[in-house]
$ cat structure13.txt   # compact mmCIF, C-alpha atoms (C1' of nucleotides)
# COMPACT_ATOMS: atom_id res chain seq x y z
CA MET A 1 25.36 4.17 -15.43
CA ARG A 2 22.18 4.48 -17.46
CA ILE A 3 19.16 2.66 -16.14
CA THR A 4 16.45 0.88 -18.09
CA LYS A 5 12.82 0.28 -17.29
CA SER A 6 13.65 -3.37 -16.83
CA ASP A 7 16.27 -2.48 -14.20
CA VAL A 8 13.68 -0.53 -12.27
CA ILE A 9 11.21 -3.39 -12.26
CA GLN A 10 13.85 -5.95 -11.32
CA THR A 11 15.13 -3.83 -8.48
CA ALA A 12 11.65 -3.23 -7.14
CA ALA A 13 10.87 -6.93 -7.40
CA ASP A 14 14.02 -7.76 -5.47
CA ILE A 15 13.02 -5.38 -2.71
CA ALA A 16 9.60 -6.99 -2.59
CA ASP A 17 11.13 -10.44 -2.26
CA LYS A 18 13.60 -9.38 0.39
CA ASN A 19 11.56 -6.93 2.46
CA GLY A 20 7.94 -7.43 1.45
CA LEU A 21 5.59 -5.48 -0.76
CA SER A 22 4.97 -2.83 1.87
CA ASN A 23 8.62 -1.82 1.70
CA VAL A 24 8.62 -1.17 -1.99
CA SER A 25 8.75 2.60 -2.34
CA LEU A 26 10.11 4.84 -5.05
CA LYS A 27 12.60 6.11 -2.53
CA ALA A 28 13.88 2.61 -1.76
CA VAL A 29 14.02 1.65 -5.43
CA ALA A 30 15.87 4.84 -6.30
CA GLU A 31 18.40 4.28 -3.53
CA SER A 32 19.07 0.75 -4.71
CA LEU A 33 19.73 2.14 -8.18
CA ASN A 34 21.78 5.08 -6.92
CA ILE A 35 19.55 7.66 -8.53
CA ARG A 36 17.03 10.17 -7.16
CA ALA A 37 13.42 9.16 -6.77
CA PRO A 38 11.97 11.60 -9.33
CA SER A 39 14.26 10.15 -12.00
CA LEU A 40 12.22 6.97 -11.84
CA TYR A 41 9.42 8.80 -13.59
CA ASN A 42 11.48 8.59 -16.77
CA HIS A 43 10.76 4.88 -16.69
CA ILE A 44 7.46 4.41 -14.94
CA ASP A 45 4.16 6.25 -14.61
CA SER A 46 3.61 5.87 -10.90
CA LEU A 47 4.25 3.62 -7.96
CA GLU A 48 1.02 1.76 -8.64
CA ALA A 49 2.02 1.23 -12.24
CA LEU A 50 5.38 -0.10 -11.09
CA LEU A 51 3.72 -2.59 -8.78
CA ARG A 52 1.55 -3.76 -11.64
CA GLU A 53 4.66 -4.24 -13.77
CA ILE A 54 6.23 -6.35 -11.04
CA ALA A 55 3.10 -8.47 -10.93
CA HIS A 56 2.85 -8.77 -14.70
CA ASN A 57 6.50 -9.72 -15.07
CA GLY A 58 6.10 -12.31 -12.34
CA MET A 59 2.96 -13.77 -13.87
CA LYS A 60 4.63 -14.01 -17.26
CA THR A 61 7.66 -15.71 -15.79
CA MET A 62 5.45 -18.16 -13.96
CA ASN A 63 3.55 -18.88 -17.15
CA GLU A 64 6.79 -19.61 -18.99
CA ARG A 65 8.05 -21.89 -16.28
CA MET A 66 4.76 -23.74 -16.07
CA MET A 67 4.75 -24.24 -19.82
CA GLN A 68 8.26 -25.64 -19.59
CA ALA A 69 7.22 -27.91 -16.77
CA ALA A 70 4.34 -29.26 -18.82
CA ILE A 71 6.43 -30.17 -21.86
CA GLY A 72 6.41 -33.88 -22.50
CA LYS A 73 3.63 -34.56 -20.03
CA ILE A 74 -0.11 -34.99 -20.24
CA GLY A 75 -3.00 -35.60 -17.92
CA ASP A 76 -2.68 -35.66 -14.17
CA ASP A 77 1.10 -35.74 -14.38
CA ALA A 78 1.21 -32.53 -16.34
CA ILE A 79 -1.14 -30.77 -13.97
CA LYS A 80 0.81 -31.84 -10.91
CA SER A 81 4.04 -30.76 -12.52
CA VAL A 82 2.57 -27.35 -13.22
CA GLY A 83 1.30 -27.12 -9.68
CA ILE A 84 4.70 -27.84 -8.19
CA THR A 85 6.25 -25.23 -10.47
CA TYR A 86 3.66 -22.73 -9.28
CA LEU A 87 4.53 -23.45 -5.66
CA ASN A 88 8.27 -23.30 -6.36
CA TYR A 89 7.95 -19.87 -7.87
CA MET A 90 6.03 -18.64 -4.88
CA ILE A 91 8.67 -19.96 -2.51
CA GLU A 92 11.46 -18.34 -4.51
CA HIS A 93 9.61 -15.05 -4.94
CA PRO A 94 7.21 -14.44 -2.10
CA GLY A 95 7.30 -10.68 -2.60
CA ILE A 96 6.45 -10.95 -6.26
CA TYR A 97 3.68 -13.36 -5.41
CA GLU A 98 2.37 -10.91 -2.85
CA THR A 99 2.38 -8.27 -5.56
CA ILE A 100 0.48 -10.60 -7.87
CA GLN A 101 -2.18 -10.96 -5.21
CA TRP A 102 -2.27 -7.19 -4.88
CA ALA A 103 -2.80 -7.01 -8.64
CA THR A 104 -5.80 -9.29 -8.25
CA TRP A 105 -7.54 -6.30 -6.70
CA HIS A 106 -5.79 -3.47 -8.54
CA GLY A 107 -5.25 -5.06 -11.93
CA THR A 108 -5.99 -3.81 -15.42
CA GLU A 109 -7.05 -5.52 -18.64
CA GLU A 110 -3.40 -6.47 -19.14
CA THR A 111 -3.50 -8.34 -15.85
CA GLY A 112 -6.53 -10.23 -17.05
CA LYS A 113 -4.86 -11.13 -20.32
CA ILE A 114 -1.82 -12.63 -18.63
CA PHE A 115 -4.06 -14.57 -16.30
CA ASP A 116 -5.94 -15.84 -19.34
CA ASN A 117 -2.70 -17.24 -20.72
CA TYR A 118 -2.34 -19.22 -17.54
CA LEU A 119 -5.92 -20.43 -17.83
CA SER A 120 -5.28 -21.39 -21.39
CA LEU A 121 -2.33 -23.59 -20.46
CA LEU A 122 -4.26 -25.26 -17.71
CA LYS A 123 -7.21 -25.78 -20.01
CA THR A 124 -5.11 -27.61 -22.56
CA LEU A 125 -3.69 -29.83 -19.87
CA ALA A 126 -7.07 -30.47 -18.29
CA LEU A 127 -8.43 -31.51 -21.68
CA SER A 128 -5.67 -34.08 -21.87
CA CYS A 129 -7.09 -35.73 -18.75
CA ASN A 130 -10.04 -37.28 -20.54
CA PHE A 131 -12.57 -35.03 -18.80
CA ASN A 132 -15.80 -34.21 -20.54
CA PRO A 133 -15.07 -30.93 -22.37
CA MET A 134 -18.53 -29.73 -21.49
CA ASN A 135 -17.40 -29.30 -17.88
CA ILE A 136 -14.02 -27.81 -18.59
CA ASP A 137 -14.80 -24.43 -17.05
CA GLU A 138 -15.90 -25.86 -13.72
CA ILE A 139 -12.81 -28.01 -13.74
CA LEU A 140 -10.55 -25.05 -14.42
CA ASN A 141 -12.17 -23.01 -11.69
CA LEU A 142 -11.53 -25.75 -9.18
CA LEU A 143 -7.96 -26.39 -10.27
CA THR A 144 -6.95 -22.73 -10.24
CA GLY A 145 -8.72 -22.23 -6.95
CA VAL A 146 -6.92 -25.12 -5.29
CA LEU A 147 -3.56 -24.04 -6.62
CA HIS A 148 -3.95 -20.46 -5.48
CA GLY A 149 -5.51 -21.20 -2.13
CA TYR A 150 -3.43 -24.17 -1.15
CA THR A 151 -0.11 -22.57 -1.99
CA THR A 152 -1.00 -19.29 -0.35
CA LEU A 153 -2.03 -20.91 2.89
CA GLN A 154 0.97 -23.24 2.96
CA LEU A 155 3.50 -20.53 2.15
CA ARG A 156 4.32 -19.93 5.78
CA TYR A 157 5.53 -23.51 6.15
CA ALA A 158 7.12 -23.60 2.72
CA PHE A 159 10.30 -21.81 3.72
CA THR A 160 11.19 -24.11 6.57
CA LYS A 161 9.91 -27.39 5.10
CA PRO A 162 9.78 -26.96 1.34
CA ASP A 163 9.92 -30.67 0.56
CA GLU A 164 7.07 -31.60 2.85
CA VAL A 165 4.92 -28.84 1.40
CA LYS A 166 5.66 -29.90 -2.16
CA THR A 167 4.82 -33.50 -1.42
CA ALA A 168 1.66 -32.41 0.31
CA LEU A 169 0.62 -30.26 -2.64
CA SER A 170 1.15 -33.17 -4.98
CA SER A 171 -0.99 -35.34 -2.77
CA ALA A 172 -3.67 -32.67 -2.54
CA LEU A 173 -3.78 -32.40 -6.31
CA ASP A 174 -4.12 -36.19 -6.49
CA THR A 175 -7.14 -35.96 -4.25
CA VAL A 176 -8.76 -33.21 -6.29
CA LEU A 177 -8.01 -34.99 -9.55
CA ALA A 178 -9.54 -38.16 -8.14
CA GLY A 179 -12.71 -36.24 -7.40
CA LEU A 180 -12.67 -34.69 -10.85
CA HIS A 181 -12.20 -38.03 -12.58
CA GLN A 182 -14.99 -39.59 -10.62
CA LYS A 183 -17.33 -36.84 -11.63
CA TYR A 184 -16.26 -35.70 -15.06
CA ASP A 185 -14.46 -38.53 -16.84
CA GLN A 186 -15.79 -39.43 -20.26
CA HIS A 187 -17.02 -42.97 -19.91
CA GLU A 188 -17.87 -43.49 -23.55
CA LYS A 189 -15.38 -42.99 -26.31
CA LYS A 190 -16.92 -41.27 -29.29
CA LEU A 191 -17.08 -43.61 -32.24
CA LEU A 192 -15.97 -42.54 -35.66
CA MET B 1 -20.59 12.96 19.74
CA ARG B 2 -18.05 10.72 21.47
CA ILE B 3 -16.47 8.05 19.39
CA THR B 4 -15.48 4.54 20.42
CA LYS B 5 -12.79 2.26 19.13
CA SER B 6 -15.48 0.12 17.66
CA ASP B 7 -16.81 3.09 15.68
CA VAL B 8 -13.38 3.69 14.24
CA ILE B 9 -13.01 0.10 13.10
CA GLN B 10 -16.51 -0.01 11.67
CA THR B 11 -16.02 3.20 9.77
CA ALA B 12 -12.69 2.06 8.38
CA ALA B 13 -14.23 -1.27 7.39
CA ASP B 14 -17.04 0.52 5.59
CA ILE B 15 -14.55 2.59 3.63
CA ALA B 16 -12.67 -0.57 2.70
CA ASP B 17 -15.87 -2.20 1.47
CA LYS B 18 -16.99 0.84 -0.50
CA ASN B 19 -13.68 2.16 -1.85
CA GLY B 20 -11.16 -0.61 -1.39
CA LEU B 21 -8.38 -1.18 1.10
CA SER B 22 -6.06 1.29 -0.61
CA ASN B 23 -8.45 4.11 0.19
CA VAL B 24 -8.49 3.47 3.91
CA SER B 25 -6.45 6.29 5.43
CA LEU B 26 -6.59 7.91 8.81
CA LYS B 27 -7.59 11.11 7.08
CA ALA B 28 -10.53 9.42 5.34
CA VAL B 29 -11.63 7.66 8.52
CA ALA B 30 -11.40 10.87 10.52
CA GLU B 31 -13.44 12.77 7.97
CA SER B 32 -16.15 10.12 8.01
CA LEU B 33 -16.30 10.47 11.78
CA ASN B 34 -16.14 14.29 11.71
CA ILE B 35 -13.03 14.43 13.84
CA ARG B 36 -9.39 15.30 13.13
CA ALA B 37 -6.97 12.58 12.14
CA PRO B 38 -4.70 12.78 15.21
CA SER B 39 -7.71 12.17 17.45
CA LEU B 40 -7.85 8.66 16.09
CA TYR B 41 -4.74 7.87 18.08
CA ASN B 42 -6.88 7.91 21.19
CA HIS B 43 -8.42 4.71 19.85
CA ILE B 44 -5.78 2.99 17.76
CA ASP B 45 -2.02 2.59 17.73
CA SER B 46 -1.36 3.15 14.05
CA LEU B 47 -2.86 2.74 10.62
CA GLU B 48 -1.39 -0.75 10.37
CA ALA B 49 -2.90 -1.70 13.69
CA LEU B 50 -6.26 -0.39 12.51
CA LEU B 51 -6.09 -2.53 9.39
CA ARG B 52 -5.31 -5.54 11.53
CA GLU B 53 -8.34 -4.77 13.69
CA ILE B 54 -10.52 -4.63 10.60
CA ALA B 55 -9.18 -8.01 9.54
CA HIS B 56 -9.55 -9.54 12.99
CA ASN B 57 -13.09 -8.27 13.39
CA GLY B 58 -13.97 -9.63 9.99
CA MET B 59 -12.41 -13.00 10.69
CA LYS B 60 -14.25 -13.27 13.98
CA THR B 61 -17.54 -12.37 12.35
CA MET B 62 -16.96 -14.95 9.67
CA ASN B 63 -16.16 -17.55 12.29
CA GLU B 64 -19.38 -16.81 14.12
CA ARG B 65 -21.45 -16.99 10.97
CA MET B 66 -19.82 -20.23 9.92
CA MET B 67 -20.49 -21.76 13.30
CA GLN B 68 -24.13 -20.72 13.00
CA ALA B 69 -24.27 -22.20 9.52
CA ALA B 70 -22.94 -25.52 10.79
CA ILE B 71 -25.46 -25.93 13.57
CA GLY B 72 -27.65 -28.95 13.04
CA LYS B 73 -25.51 -30.32 10.24
CA ILE B 74 -22.74 -32.87 9.95
CA GLY B 75 -20.47 -34.27 7.29
CA ASP B 76 -20.39 -32.98 3.74
CA ASP B 77 -23.54 -30.95 4.29
CA ALA B 78 -22.00 -29.04 7.13
CA ILE B 79 -18.84 -28.32 5.19
CA LYS B 80 -20.72 -27.09 2.17
CA SER B 81 -22.89 -24.91 4.32
CA VAL B 82 -19.82 -23.36 5.90
CA GLY B 83 -18.28 -22.83 2.48
CA ILE B 84 -21.30 -20.98 1.18
CA THR B 85 -21.31 -18.80 4.29
CA TYR B 86 -17.64 -18.02 3.68
CA LEU B 87 -18.39 -16.97 0.12
CA ASN B 88 -21.40 -14.92 1.18
CA TYR B 89 -19.32 -12.94 3.61
CA MET B 90 -16.75 -12.20 0.98
CA ILE B 91 -19.42 -10.97 -1.43
CA GLU B 92 -20.94 -8.75 1.23
CA HIS B 93 -17.60 -7.43 2.46
CA PRO B 94 -15.01 -7.47 -0.27
CA GLY B 95 -12.98 -4.72 1.37
CA ILE B 96 -12.82 -6.53 4.67
CA TYR B 97 -11.86 -9.70 2.87
CA GLU B 98 -9.12 -7.79 1.06
CA THR B 99 -7.91 -6.62 4.46
CA ILE B 100 -7.95 -10.19 5.74
CA GLN B 101 -5.69 -11.18 2.88
CA TRP B 102 -3.42 -8.26 3.70
CA ALA B 103 -3.31 -9.58 7.26
CA THR B 104 -2.14 -12.92 5.91
CA TRP B 105 1.16 -11.18 5.21
CA HIS B 106 1.15 -8.59 7.99
CA GLY B 107 -0.56 -10.52 10.74
CA THR B 108 0.37 -11.07 14.36
CA GLU B 109 -0.06 -13.95 16.77
CA GLU B 110 -3.61 -12.73 17.31
CA THR B 111 -4.27 -13.20 13.61
CA GLY B 112 -3.01 -16.74 13.89
CA LYS B 113 -5.22 -17.47 16.86
CA ILE B 114 -8.38 -16.34 15.10
CA PHE B 115 -7.42 -18.38 12.08
CA ASP B 116 -6.93 -21.35 14.39
CA ASN B 117 -10.50 -20.99 15.58
CA TYR B 118 -11.62 -21.31 12.01
CA LEU B 119 -9.42 -24.37 11.57
CA SER B 120 -10.87 -25.82 14.71
CA LEU B 121 -14.43 -25.51 13.44
CA LEU B 122 -13.52 -27.07 10.14
CA LYS B 123 -11.67 -29.86 11.88
CA THR B 124 -14.68 -30.80 13.94
CA LEU B 125 -16.83 -30.87 10.84
CA ALA B 126 -14.27 -32.81 8.84
CA LEU B 127 -14.11 -35.40 11.59
CA SER B 128 -17.86 -35.84 11.26
CA CYS B 129 -17.30 -36.96 7.65
CA ASN B 130 -15.98 -40.38 8.62
CA PHE B 131 -12.47 -39.59 7.40
CA ASN B 132 -9.53 -41.33 8.97
CA PRO B 133 -8.43 -39.00 11.78
CA MET B 134 -4.83 -39.79 10.98
CA ASN B 135 -5.14 -37.73 7.81
CA ILE B 136 -7.11 -34.87 9.25
CA ASP B 137 -4.39 -32.28 8.73
CA GLU B 138 -3.96 -32.96 5.04
CA ILE B 139 -7.72 -32.85 4.71
CA LEU B 140 -7.94 -29.52 6.47
CA ASN B 141 -5.18 -28.04 4.34
CA LEU B 142 -7.00 -29.01 1.21
CA LEU B 143 -10.39 -27.78 2.38
CA THR B 144 -9.12 -24.42 3.57
CA GLY B 145 -7.06 -24.03 0.43
CA VAL B 146 -10.00 -24.72 -1.85
CA LEU B 147 -12.24 -22.36 0.06
CA HIS B 148 -9.77 -19.52 0.04
CA GLY B 149 -8.58 -19.96 -3.51
CA TYR B 150 -11.88 -20.74 -5.12
CA THR B 151 -13.77 -17.87 -3.53
CA THR B 152 -10.98 -15.38 -4.18
CA LEU B 153 -10.75 -16.22 -7.84
CA GLN B 154 -14.51 -16.24 -8.30
CA LEU B 155 -15.08 -12.98 -6.50
CA ARG B 156 -15.05 -10.94 -9.68
CA TYR B 157 -18.05 -12.87 -10.97
CA ALA B 158 -19.72 -13.07 -7.60
CA PHE B 159 -21.19 -9.56 -7.73
CA THR B 160 -22.95 -9.96 -11.02
CA LYS B 161 -23.96 -13.62 -10.75
CA PRO B 162 -23.98 -14.51 -7.06
CA ASP B 163 -26.29 -17.48 -7.42
CA GLU B 164 -24.28 -19.14 -10.16
CA VAL B 165 -21.09 -18.71 -8.17
CA LYS B 166 -22.67 -20.17 -5.04
CA THR B 167 -23.98 -23.18 -6.91
CA ALA B 168 -20.60 -23.64 -8.53
CA LEU B 169 -18.83 -23.50 -5.18
CA SER B 170 -21.16 -26.11 -3.79
CA SER B 171 -20.43 -28.33 -6.75
CA ALA B 172 -16.69 -27.76 -6.44
CA LEU B 173 -16.83 -28.76 -2.79
CA ASP B 174 -18.75 -31.89 -3.80
CA THR B 175 -15.93 -32.78 -6.13
CA VAL B 176 -13.25 -32.22 -3.53
CA LEU B 177 -15.19 -34.14 -0.92
CA ALA B 178 -15.62 -37.01 -3.36
CA GLY B 179 -11.87 -37.14 -3.78
CA LEU B 180 -11.36 -36.99 -0.06
CA HIS B 181 -13.84 -39.76 0.63
CA GLN B 182 -12.27 -41.98 -1.98
CA LYS B 183 -8.88 -41.50 -0.41
CA TYR B 184 -9.44 -41.06 3.30
CA ASP B 185 -12.72 -42.73 4.29
CA GLN B 186 -12.51 -45.20 7.14
CA HIS B 187 -13.50 -48.50 5.65
CA GLU B 188 -13.45 -50.44 8.87
CA LYS B 189 -15.45 -49.46 11.85
CA LYS B 190 -13.54 -49.92 15.08
CA LEU B 191 -15.05 -52.65 17.17
CA LEU B 192 -15.69 -52.28 20.82
C1' DT C 1 31.51 16.93 -37.38
C1' DT C 2 27.72 19.60 -36.35
C1' DG C 3 23.17 20.50 -35.00
C1' DA C 4 18.51 18.96 -33.83
C1' DC C 5 16.26 15.78 -31.02
C1' DT C 6 15.51 12.48 -27.43
C1' DT C 7 16.54 10.35 -23.27
C1' DT C 8 17.45 10.41 -18.59
C1' DA C 9 19.32 12.39 -14.97
C1' DC C 10 19.04 16.35 -11.68
C1' DT C 11 17.18 20.05 -8.13
C1' DA C 12 13.46 22.42 -6.16
C1' DA C 13 8.82 22.65 -4.85
C1' DT C 14 4.24 20.77 -3.79
C1' DT C 15 1.09 17.74 -1.81
C1' DA C 16 -0.73 14.18 1.03
C1' DC C 17 -0.42 11.54 4.92
C1' DA C 18 1.00 9.41 9.24
C1' DT C 19 2.59 10.41 13.39
C1' DT C 20 4.12 13.03 17.79
C1' DA C 21 3.81 16.61 21.33
C1' DG C 22 1.46 19.42 24.10
C1' DT C 23 -3.00 21.28 25.51
C1' DT C 24 -7.83 21.55 26.92
C1' DA C 25 -12.51 20.47 27.88
C1' DA C 26 -15.77 17.23 28.89
C1' DA C 27 -17.01 12.86 31.12
C1' DA C 28 -16.53 9.54 34.57
C1' DT C 29 -15.53 8.45 39.17
C1' DA C 30 -14.61 8.78 43.94
C1' DT D 1 -17.29 18.63 44.62
C1' DA D 2 -12.55 17.29 43.56
C1' DT D 3 -9.82 14.29 40.94
C1' DT D 4 -8.71 11.55 37.28
C1' DT D 5 -9.34 9.85 32.81
C1' DT D 6 -10.83 10.19 28.22
C1' DA D 7 -10.91 12.01 23.90
C1' DA D 8 -10.93 15.86 21.40
C1' DC D 9 -8.03 19.80 19.52
C1' DT D 10 -3.97 22.63 17.16
C1' DA D 11 0.65 22.86 15.79
C1' DA D 12 4.68 20.73 14.14
C1' DT D 13 7.59 17.03 12.04
C1' DG D 14 8.95 13.56 8.84
C1' DT D 15 8.39 10.70 4.95
C1' DA D 16 7.05 9.65 0.43
C1' DA D 17 4.85 10.47 -4.09
C1' DT D 18 4.53 13.44 -7.56
C1' DT D 19 5.20 17.63 -10.76
C1' DA D 20 7.86 21.29 -13.06
C1' DG D 21 11.63 22.90 -15.01
C1' DT D 22 16.46 22.21 -16.40
C1' DA D 23 20.82 20.30 -17.95
C1' DA D 24 23.83 16.84 -19.56
C1' DA D 25 24.64 13.05 -22.31
C1' DG D 26 23.48 9.97 -26.07
C1' DT D 27 21.42 9.31 -31.07
C1' DC D 28 21.25 10.23 -35.65
C1' DA D 29 20.79 12.60 -40.04
C1' DA D 30 22.79 16.04 -43.16
$ encode --input "structure13.txt" --output "structure tokens"
Amino acid sequence: MRITKSDVIQTAADIADKNGLSNVSLKAVAESLNIRAPSLYNHIDSLEALLREIAHNGMKTMNERMMQAAIGKIGDDAIKSVGITYLNYMIEHPGIYETIQWATWHGTEETGKIFDNYLSLLKTLALSCNFNPMNIDEILNLLTGVLHGYTTLQLRYAFTKPDEVKTALSSALDTVLAGLHQKYDQHEKKLL
Amino acid sequence: MRITKSDVIQTAADIADKNGLSNVSLKAVAESLNIRAPSLYNHIDSLEALLREIAHNGMKTMNERMMQAAIGKIGDDAIKSVGITYLNYMIEHPGIYETIQWATWHGTEETGKIFDNYLSLLKTLALSCNFNPMNIDEILNLLTGVLHGYTTLQLRYAFTKPDEVKTALSSALDTVLAGLHQKYDQHEKKLL
DNA sequence: TTGACTTTACTAATTACATTAGTTAAAATA
DNA sequence: TATTTTAACTAATGTAATTAGTAAAGTCAA
């Protein structure tokens, strides 16, 4: 009968996924948990703080999954694998992803730190692509931008035709990586 | 002393740009206009509808500016010019852009139509790049994705270092276009 | 086991909005 | 000028977030 902070976040995240971010209210969360709305304040600071927790949990879960997806892979393969994982998460959890976008505008330092973990993973993988390390930041900016923008804009088709969208994302990443290789590949190996 | 629907939308958009989307309320809009909140219902249907109007107005304005920016240009040049215009608008109107993103999730058919106008412009320009028309949809998906994702993620830097961000966007588009040309350029000219 | 302490639930009350209903005065129109 | 429409108003309602104060149930040391 006792409820934990984690229960509250999970329940709110489920509501977001099922009914959209705009239907996440303390009232709705409390009803799902069979408690009264004010009782939620024993676990959270405010509705805004709860939304941030949903976003942070989601971002951390995505980071874990993307790390898993990258294990045993390097280079373009690894990056495409991470990209597909990113898209999969968004398809499975559109409400959480919507909350993550909300947190882009209403985030805290914590939000930035979790995002940095994501950048850090992508950076490692990008460095395994034989790009000139001098340009790694530009490369990261483009890769993260493509992933975020492409998946967001394709989300509406992703529910009805998930396989097509995944294939298309893979192909889009191929195109971007081709451009990146053309521009940033190290042509000379450093000699010892 | 009389207020028009256009005034209401403008005022709400200004509040969004200055204080963020979450601070747009009928109360705040009414106070800015020196009228009472219920009077706003003479001009709008609801708060949600007002937010959609902000988004639609913003999208239309962006479309117009992008069309202007494309005049007299073709190919990669035109696309980069449009991209920079897109970024400029977002820097000038972050609150409206936030509302446009909100409308991505809460939009109507109207929202889709305005977005289609944008797609239509980009399609014309992409076709001027000598890409194989058979692949135009994939190409558009990638271009719109990069534009949306890249600009959104760079927005936080765009206020302090606008010039760097604009140069970087131009370079990122170069990279993507290089990948697209490598993959989708028409190698054979059709003979008459 | 008992007694202090903490946790987590509750009810009641407050506040902030969005929204509706009903009304009125000014503006537009015929 | 008479009529109709527009756009403002006040008053009232409903919903949701939040705060304050309280009580029950769990935790843990003596």
$ interface_residues --input "structure13.txt" --of "chain D" --to "chain B" --cutoff "12 Å" --atoms "all atoms listed in the file" --output "ChimeraX atom specification"
/D:6-11
$ atom_distance --input "structure13.txt" --atom1 "atom CA of B:Val176" --atom2 "atom CA of A:Lys80"
15.9 Å
$ residues_around --input "structure13.txt" --residues "stretch 27-30 of chain D" --least-positions-apart "2" --cutoff "12 Å" --atoms "only C-alpha atoms (C1' of nucleotides)" --output "PDB file with C-alpha atoms (C1' of nucleotides), in the coordinates of the input"
ATOM      1  C1'  DT C   1      31.510  16.930 -37.380  1.00  0.00           C
ATOM      2  C1'  DT C   2      27.720  19.600 -36.350  1.00  0.00           C
ATOM      3  C1'  DG C   3      23.170  20.500 -35.000  1.00  0.00           C
ATOM      4  C1'  DA C   4      18.510  18.960 -33.830  1.00  0.00           C
ATOM      5  C1'  DC C   5      16.260  15.780 -31.020  1.00  0.00           C
ATOM      6  C1'  DT C   6      15.510  12.480 -27.430  1.00  0.00           C
ATOM      7  C1'  DT C   7      16.540  10.350 -23.270  1.00  0.00           C
TER       8       DT C   7
ATOM      9  C1'  DA D  25      24.640  13.050 -22.310  1.00  0.00           C
TER      10       DA D  25
END
$ residues_around --input "structure13.txt" --residues "A:Ala12" --least-positions-apart "4" --cutoff "7 Å" --atoms "all atoms listed in the file" --output "list in words"
Val8, Ala16, Val24 and Val29 of chain A
$ interface_residues --input "structure13.txt" --of "chain C" --to "chain A" --cutoff "9 Å" --atoms "all atoms listed in the file" --output "ChimeraX atom specification"
/C:7-10
$ closest_atom_pairs --input "structure13.txt" --of "chain A" --to "chain B" --cutoff "8 Å" --atoms "all atoms listed in the file" --output "tab-separated table"
residue	atom	partner	partner_atom	distance
A:Glu138	CA	B:Ala168	CA	7.3
A:Asn141	CA	B:Tyr150	CA	7.0
A:Leu142	CA	B:Ala172	CA	6.2
A:Thr144	CA	B:Tyr150	CA	7.4
A:Gly145	CA	B:Tyr150	CA	3.9
A:Val146	CA	B:Val146	CA	4.6
A:Leu147	CA	B:Gly149	CA	7.2
A:His148	CA	B:Gly149	CA	5.1
A:Gly149	CA	B:Gly149	CA	3.6
A:Tyr150	CA	B:Gly145	CA	4.0
A:Thr151	CA	B:Gly145	CA	7.5
A:Thr152	CA	B:Gly145	CA	7.7
A:Leu153	CA	B:Gly145	CA	6.4
A:Gln154	CA	B:Asn141	CA	7.9
A:Ala168	CA	B:Glu138	CA	7.4
A:Ala172	CA	B:Leu142	CA	6.2
A:Thr175	CA	B:Gly179	CA	4.9
A:Val176	CA	B:Val176	CA	5.4
A:Leu177	CA	B:Gly179	CA	7.3
A:Ala178	CA	B:Gly179	CA	5.0
A:Gly179	CA	B:Gly179	CA	3.8
A:Leu180	CA	B:Thr175	CA	6.0
A:Gln182	CA	B:Ala178	CA	7.7
A:Lys183	CA	B:Thr175	CA	7.0
$ atom_distance --input "structure13.txt" --atom1 "atom CA of A:Ile84" --atom2 "atom CA of A:Lys166"
6.4 Å
$ residues_near_point --input "structure13.txt" --point "(8.2, 14.7, 22.6)" --cutoff "12 Å" --atoms "all atoms listed in the file" --output "list in words"
DT19, DT20, DA21 and DG22 of chain C; DA12 and DT13 of chain D
$ atom_distance --input "structure13.txt" --atom1 "atom CA of B:Ile74" --atom2 "atom CA of B:Cys129"
7.2 Å
$ closest_residue --input "structure13.txt" --among "A:Asp76, A:Asp14, A:Asp45, A:Glu164" --to "D:DT18" --atoms "all atoms listed in the file"
A:Asp45
$ residues_around --input "structure13.txt" --residues "stretch 70-72 of chain A" --least-positions-apart "5" --cutoff "9 Å" --atoms "all atoms listed in the file" --output "list in words"
Arg65, Asp77, Ala78, Ile79, Ser81, Val82, Leu121 and Leu125 of chain A
$ write_last_selection --input "structure13.txt" --atoms "C-alpha atoms" --output "PDB file, in the frame of the given file"
ATOM      1  CA  ARG A  65       8.050 -21.890 -16.280  1.00  0.00           C
ATOM      2  CA  ASP A  77       1.100 -35.740 -14.380  1.00  0.00           C
ATOM      3  CA  ALA A  78       1.210 -32.530 -16.340  1.00  0.00           C
ATOM      4  CA  ILE A  79      -1.140 -30.770 -13.970  1.00  0.00           C
ATOM      5  CA  SER A  81       4.040 -30.760 -12.520  1.00  0.00           C
ATOM      6  CA  VAL A  82       2.570 -27.350 -13.220  1.00  0.00           C
ATOM      7  CA  LEU A 121      -2.330 -23.590 -20.460  1.00  0.00           C
ATOM      8  CA  LEU A 125      -3.690 -29.830 -19.870  1.00  0.00           C
TER       9      LEU A 125
END
$ residues_around --input "structure13.txt" --residues "stretch 1-5 of chain D" --least-positions-apart "5" --cutoff "10 Å" --atoms "all atoms listed in the file" --output "ChimeraX atom specification"
/C:27-30
$ residues_around --input "structure13.txt" --residues "B:Ala103" --least-positions-apart "2" --cutoff "10 Å" --atoms "all atoms listed in the file" --output "ChimeraX atom specification"
/B:48,51-56,97-101,105-108,111-112
